[in-house]
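J.: Structure in structure tokens, see below.
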Amino acid sequence: MLRIRGRFWRSVAYLLSTVPVAAVAGVPLGLLGVPWLLLGRRGLDLPQAVFLVLLGAALLAGLGPVVAVPLGAFERHRIAIMDERTIPSSHKPGRGLFGWYREEATWRELVYGILFVTVVPAAYFLFSLYLVLLTVVVTSPLTFGNGEEIALGVVTIHDRSQAWPYALGALVLVPTVPVLIVWLAGAQAFVARILLRGNGLVEVTRSRARLVDTFEAERKRIERDLHDGAQQRLVALTLQLGLARHDLPPGSPAAAAVTAAHEQAKQLMEELRDTIYGIYPQVLTDSGLDAALSELAGRASIPVAVTSTLTARPPTRVETAAYFMVAEALTNVAKHSTATRASVGVRLQGHLLVVEVTDNGRGGADPRGGTGLTGLADRAAASDGRMLLSSPVGGPTVLRLELPCG
Amino acid sequence: MRVVLAEDGVLLREGIAGLLDRFGFTVVAAVGDAVALHKAVDEHRPDLVVTDIRMPPGFTDEGLRAAVQLRRAYPGLAVVVLSQYVQQRFAADLLDSGEGRVGYLLKDRIVDVAEFADTLRRVVEGATVVDPQVIRRLLRRDPIAPLSTREREVLGLVAEGHSNAAIAARLVVTEAAVSKHVGNILAKLDLPQTDDTNRRVLAVLAYLDSTTPS
């Protein structure tokens, strides 16, 4: 009982709150729809009508999203009035205004917006008419004055006694009002859920991100194991060989052998250190992205300037993704670009981490050329971000990575 | 020379202790974390502390922070910090904590046993020693435009804390030539003219640091 009453009042609240929202959204959307409204005028010839149809479509498609996207965002939250569930957005975060136009979600929101200011008011109008009519008929015996006539649809009542049967009949219909309210609100919420819903992509990306997280955690574990185990033993062993080498008389056969062993062990130490570093750089865990990128720049074969305006550390997953992408990008620069210098810029733009790798090489980098570029784009996508590339022939090449920090 | 050693890896700790022994240092305490390091230094008042940077419990820069604190608490104490990887901030923090008797080295340097022992001795005697790799990175980051190749080479060795005589021996030139190069470098970089190696190192490092985008 409580639940149903709850549903009724929720529906009432949902319908009532629709009115101001539709009124606000109706003004700009109505203005955009003016060419279509003009179609109803008489005396239009075919070219004029076609022009108006196209103009209306262009206006709605061009400017409609500016209204529809915020409206969609608001409506996704307002629907919680009905069942305490908001609708997750299927917009990709951080795309900005122009990103909207490339997303299916935007166009579904536009359809919702148009329905919201046309079909919804029409339905409300009909429902209000029904309410008014019902009220008038039910109360007609009380309000009936002598000598008056009341027109009830097809019949006209001339005195009070004639009004009673209609009034009683209408009284029977009164319980349909709450049912209609619940039904109307339910139908509206149903349409909203269809048009404004996340299309499942959010959940898929999240599980992909989880996979990336697991992968990174595993990398870190391997790094720790190698560092605490093999690397430490190897350094200790090389140290012993160094001591032995130092104590053997120079020129003796043993000295030559131990010297060779010491040198080989040193080389192995270096290789192992590089391998471990490639698996997961300690400096990234310890000191964050800035420091790790500076270290990476120091290892590059050409001078690389790192500038960062980060004031706080982004989430680990974002740091890791950004780091390995820059590593890959710098490897690309060294391999393909013939650049003599490069720069890495890191900044936070809204909730996006933006990383730009620029080089002064010959340009003409082509993602289809089988370089590491597609791998980079894949990596960005796995972190729900994206990669942009500008590489005119003759350079400079700018590689931009955008990773959401949320 | 009495040494307190801090390194969390048991195998490596024993290895380094053996090395120090072999080269005539006396290891008065060998510990595995920063808290024990503080306690050991308070107790033994050594001439030299050799410590790893990454130690329990956090495995980040506990050793470095301990080194900076110990240098402040015991002004005459020589401190050498061993780092797994080059990090400029670490080097800068350490050098800022006082003048002379300080070293920042990559951990891998210990396997060149005689050179490592020699470096430790130089630090105890008052030198400032920064791992050549740190200097190389700093020098490579941003080309110091007005310097010739030879001057850059000399600058690197100056930053590593070598005296004019040592630089001359390395480059197989006369000390007078080195002295002239150093004079030119300091003039071109607008740094104060001095023969004091510590001051020279600090001035050059500060200069390199300031020209490097962090």
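Note on naming: chains are A, B, ... as they come in the structure tokens, residues start from 1 per chain, ligands start from 1 in the order shown.
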Write out as a list of chain:residue names which residues come within 9 Å of stretch 147-150 of chain B when counting only C-alpha atoms, dropping same-chain ones fewer than 5 positions away.
T.: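 So the residues in contact are B:Leu155, B:His181, B:Asn184, B:Ile185, B:Lys188, B:Leu189.
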J.: Write out, as a PDB file, in the first residue's frame, the residues just selected, with C-alpha atoms.
T.:
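Wrote it out as selection.pdb, contents follow:
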ATOM      1  CA  LEU B 155      82.575  21.303 -16.503  1.00  0.00           C
ATOM      2  CA  HIS B 181      89.384  26.214 -18.920  1.00  0.00           C
ATOM      3  CA  ASN B 184      86.692  30.540 -18.844  1.00  0.00           C
ATOM      4  CA  ILE B 185      83.733  28.360 -17.874  1.00  0.00           C
ATOM      5  CA  LYS B 188      80.994  32.436 -19.307  1.00  0.00           C
ATOM      6  CA  LEU B 189      78.418  31.133 -16.837  1.00  0.00           C
TER       7      LEU B 189
END
J.: Could you work out which residues of chain B fall inside 6 Å of chain A? Count only C-alpha atoms, and format the result as a ChimeraX atom specification.
T.: /B:12,15,60,111,113,137,141
J.: Set the distance at 8 Å and use only C-alpha atoms: which residues neighbour A:Ser89 once local chain neighbours fewer than 2 positions away are removed? I'd like the list as a PyMOL selection string.
T.: chain A and resi 73+76+87+91+196-198
J.: I need the residues of stretch 63-131 of chain B that end up classed as helix (DSSP H, G or I) by DSSP on the backbone, written out as a ChimeraX atom specification.
T.: /B:63-73,88-96,107-111,113-124
J.: To one decimal place, how far is atom CA of A:Pro404 from atom CA of A:Lys335 in Å?
T.: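 Calculated distance between atom CA of A:Pro404 and atom CA of A:Lys335 is 28.7 Å.
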J.: Quick check, in Å to one decimal: how far apart do atom CA of B:Phe59 and atom CA of B:Val31 lie?
T.: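 Between atom CA of B:Phe59 and atom CA of B:Val31 the gap is 15.0 Å.
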J.: Tell me which of A:His158, A:Lys92, A:Arg224, A:Arg102 sits closest to A:Gly406, counting only C-alpha atoms.
T.: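 Once distances to A:Gly406 are computed over only C-alpha atoms, the minimum belongs to A:Lys92.
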J.: List the neighbours of B:Arg109 out to 9 Å using only C-alpha atoms; skip same-chain residues closer than 4 positions along the sequence, and give me the result as a PyMOL selection string.
T.: chain B and resi 82+105+113+115-116+131
J.: Once you have the residues from the selection above, write them out as a PDB file, in the first residue's frame, restricted to N, CA and C atoms.
T.:
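The result, stored in again.pdb:
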ATOM      1  N   LEU B  82      73.316   5.913  -1.337  1.00  0.00           N
ATOM      2  CA  LEU B  82      73.313   5.063  -2.533  1.00  0.00           C
ATOM      3  C   LEU B  82      71.906   5.010  -3.101  1.00  0.00           C
ATOM      4  N   LEU B 105      75.589   8.616  -4.854  1.00  0.00           N
ATOM      5  CA  LEU B 105      76.098   7.672  -5.852  1.00  0.00           C
ATOM      6  C   LEU B 105      75.041   6.665  -6.257  1.00  0.00           C
ATOM      7  N   VAL B 113      85.092  -1.878  -6.694  1.00  0.00           N
ATOM      8  CA  VAL B 113      85.368  -1.792  -5.265  1.00  0.00           C
ATOM      9  C   VAL B 113      86.396  -0.733  -4.877  1.00  0.00           C
ATOM     10  N   GLU B 115      87.492   1.907  -6.522  1.00  0.00           N
ATOM     11  CA  GLU B 115      87.046   3.266  -6.798  1.00  0.00           C
ATOM     12  C   GLU B 115      86.021   3.731  -5.759  1.00  0.00           C
ATOM     13  N   PHE B 116      85.127   2.782  -5.397  1.00  0.00           N
ATOM     14  CA  PHE B 116      84.096   3.102  -4.412  1.00  0.00           C
ATOM     15  C   PHE B 116      84.734   3.463  -3.072  1.00  0.00           C
ATOM     16  N   ASP B 131      77.328  11.511  -8.381  1.00  0.00           N
ATOM     17  CA  ASP B 131      77.522  10.474  -9.384  1.00  0.00           C
ATOM     18  C   ASP B 131      77.654  11.074 -10.787  1.00  0.00           C
TER      19      ASP B 131
END
J.: When you look at A:Thr358 with a cut-off of 8 Å (counting only C-alpha atoms), what residues show up, excluding the ones that are within fewer than 6 positions of it in the same chain? I need them as number ranges by chain.
T.: A: 342-344, 396-399
J.: Give me, please, the distance in Å between atom CA of B:Gly63 and atom CA of B:Ala34, quoted to one decimal.
T.: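 A separation of 5.8 Å between them.
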J.: Stretch 174-179 of chain A: which residues within 12 Å, counting only C-alpha atoms, same-chain residues fewer than 5 positions away excluded, as a list of chain:residue names?
T.: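 Everything that qualifies: A:Ile4, A:Arg5, A:Gly6, A:Arg7, A:Phe8, A:Trp9, A:Arg10, A:Ser11, A:Val12, A:Leu15, A:Phe127, A:Ser128, A:Leu129, A:Tyr130, A:Leu131, A:Val132, A:Leu133, A:Leu134, A:Thr135, A:Val136, A:Val137, A:Val138, A:Thr139, A:Ala167, A:Leu168, A:Gly169, A:Leu184, A:Ala185, A:Gly186.
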J.: Which neighbours of B:Glu153 fall inside 12 Å, counting only C-alpha atoms, when residues of the same chain fewer than 6 positions from it are skipped, and could you give them as a PDB file with N, CA and C atoms, in the first residue's frame?
T.:
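See result.pdb below for the written result:
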ATOM      1  N   PRO B 132      78.652  10.598 -11.546  1.00  0.00           N
ATOM      2  CA  PRO B 132      78.871  11.145 -12.887  1.00  0.00           C
ATOM      3  C   PRO B 132      77.603  11.105 -13.747  1.00  0.00           C
ATOM      4  N   ILE B 135      75.498  14.170 -13.334  1.00  0.00           N
ATOM      5  CA  ILE B 135      76.095  15.299 -14.044  1.00  0.00           C
ATOM      6  C   ILE B 135      75.857  15.179 -15.542  1.00  0.00           C
ATOM      7  N   ARG B 136      76.059  13.953 -16.051  1.00  0.00           N
ATOM      8  CA  ARG B 136      75.868  13.751 -17.493  1.00  0.00           C
ATOM      9  C   ARG B 136      74.456  14.123 -17.910  1.00  0.00           C
ATOM     10  N   LEU B 139      74.000  17.861 -17.824  1.00  0.00           N
ATOM     11  CA  LEU B 139      74.686  18.519 -18.923  1.00  0.00           C
ATOM     12  C   LEU B 139      73.961  18.311 -20.238  1.00  0.00           C
ATOM     13  N   ARG B 140      73.321  17.130 -20.367  1.00  0.00           N
ATOM     14  CA  ARG B 140      72.697  16.817 -21.649  1.00  0.00           C
ATOM     15  C   ARG B 140      71.336  17.466 -21.830  1.00  0.00           C
ATOM     16  N   ILE B 144      74.579  23.901 -22.859  1.00  0.00           N
ATOM     17  CA  ILE B 144      75.021  25.180 -22.315  1.00  0.00           C
ATOM     18  C   ILE B 144      75.707  25.898 -23.466  1.00  0.00           C
ATOM     19  N   LEU B 147      79.528  27.198 -24.328  1.00  0.00           N
ATOM     20  CA  LEU B 147      80.712  26.402 -23.990  1.00  0.00           C
ATOM     21  C   LEU B 147      81.179  25.531 -25.155  1.00  0.00           C
ATOM     22  N   ALA B 159      81.922  19.370 -11.845  1.00  0.00           N
ATOM     23  CA  ALA B 159      80.682  19.095 -11.122  1.00  0.00           C
ATOM     24  C   ALA B 159      80.774  17.791 -10.339  1.00  0.00           C
ATOM     25  N   GLU B 160      81.591  16.872 -10.829  1.00  0.00           N
ATOM     26  CA  GLU B 160      81.755  15.613 -10.098  1.00  0.00           C
ATOM     27  C   GLU B 160      82.652  15.787  -8.875  1.00  0.00           C
ATOM     28  N   ILE B 167      91.560  16.570 -12.717  1.00  0.00           N
ATOM     29  CA  ILE B 167      90.996  16.761 -14.057  1.00  0.00           C
ATOM     30  C   ILE B 167      92.111  16.719 -15.099  1.00  0.00           C
ATOM     31  N   ALA B 168      93.217  17.374 -14.778  1.00  0.00           N
ATOM     32  CA  ALA B 168      94.345  17.401 -15.706  1.00  0.00           C
ATOM     33  C   ALA B 168      94.842  15.989 -15.996  1.00  0.00           C
ATOM     34  N   ARG B 170      93.129  13.213 -15.792  1.00  0.00           N
ATOM     35  CA  ARG B 170      92.121  12.487 -16.586  1.00  0.00           C
ATOM     36  C   ARG B 170      92.176  12.848 -18.061  1.00  0.00           C
ATOM     37  N   LEU B 171      92.312  14.141 -18.309  1.00  0.00           N
ATOM     38  CA  LEU B 171      92.248  14.599 -19.694  1.00  0.00           C
ATOM     39  C   LEU B 171      93.616  14.624 -20.357  1.00  0.00           C
ATOM     40  N   VAL B 178      93.883  23.246 -17.490  1.00  0.00           N
ATOM     41  CA  VAL B 178      92.603  23.013 -16.820  1.00  0.00           C
ATOM     42  C   VAL B 178      92.165  24.288 -16.100  1.00  0.00           C
ATOM     43  N   HIS B 181      90.731  26.639 -18.513  1.00  0.00           N
ATOM     44  CA  HIS B 181      89.384  26.214 -18.920  1.00  0.00           C
ATOM     45  C   HIS B 181      88.348  26.567 -17.849  1.00  0.00           C
ATOM     46  N   VAL B 182      88.697  26.202 -16.590  1.00  0.00           N
ATOM     47  CA  VAL B 182      87.750  26.436 -15.494  1.00  0.00           C
ATOM     48  C   VAL B 182      87.438  27.922 -15.375  1.00  0.00           C
ATOM     49  N   ILE B 185      85.085  28.877 -18.103  1.00  0.00           N
ATOM     50  CA  ILE B 185      83.733  28.360 -17.874  1.00  0.00           C
ATOM     51  C   ILE B 185      83.007  29.231 -16.855  1.00  0.00           C
TER      52      ILE B 185
END
J.: Which residue is closest to A:Thr316? Choose from A:Asp213, A:Glu402, A:Asp159, A:Asp378 and count only C-alpha atoms.
T.: A:Asp213
J.: Quick one: of B:Leu5, B:Arg200, B:Val80, B:Val10, who's nearest to B:Ala30, counting only C-alpha atoms?
T.: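 Closest residue, counting only C-alpha atoms: B:Leu5.
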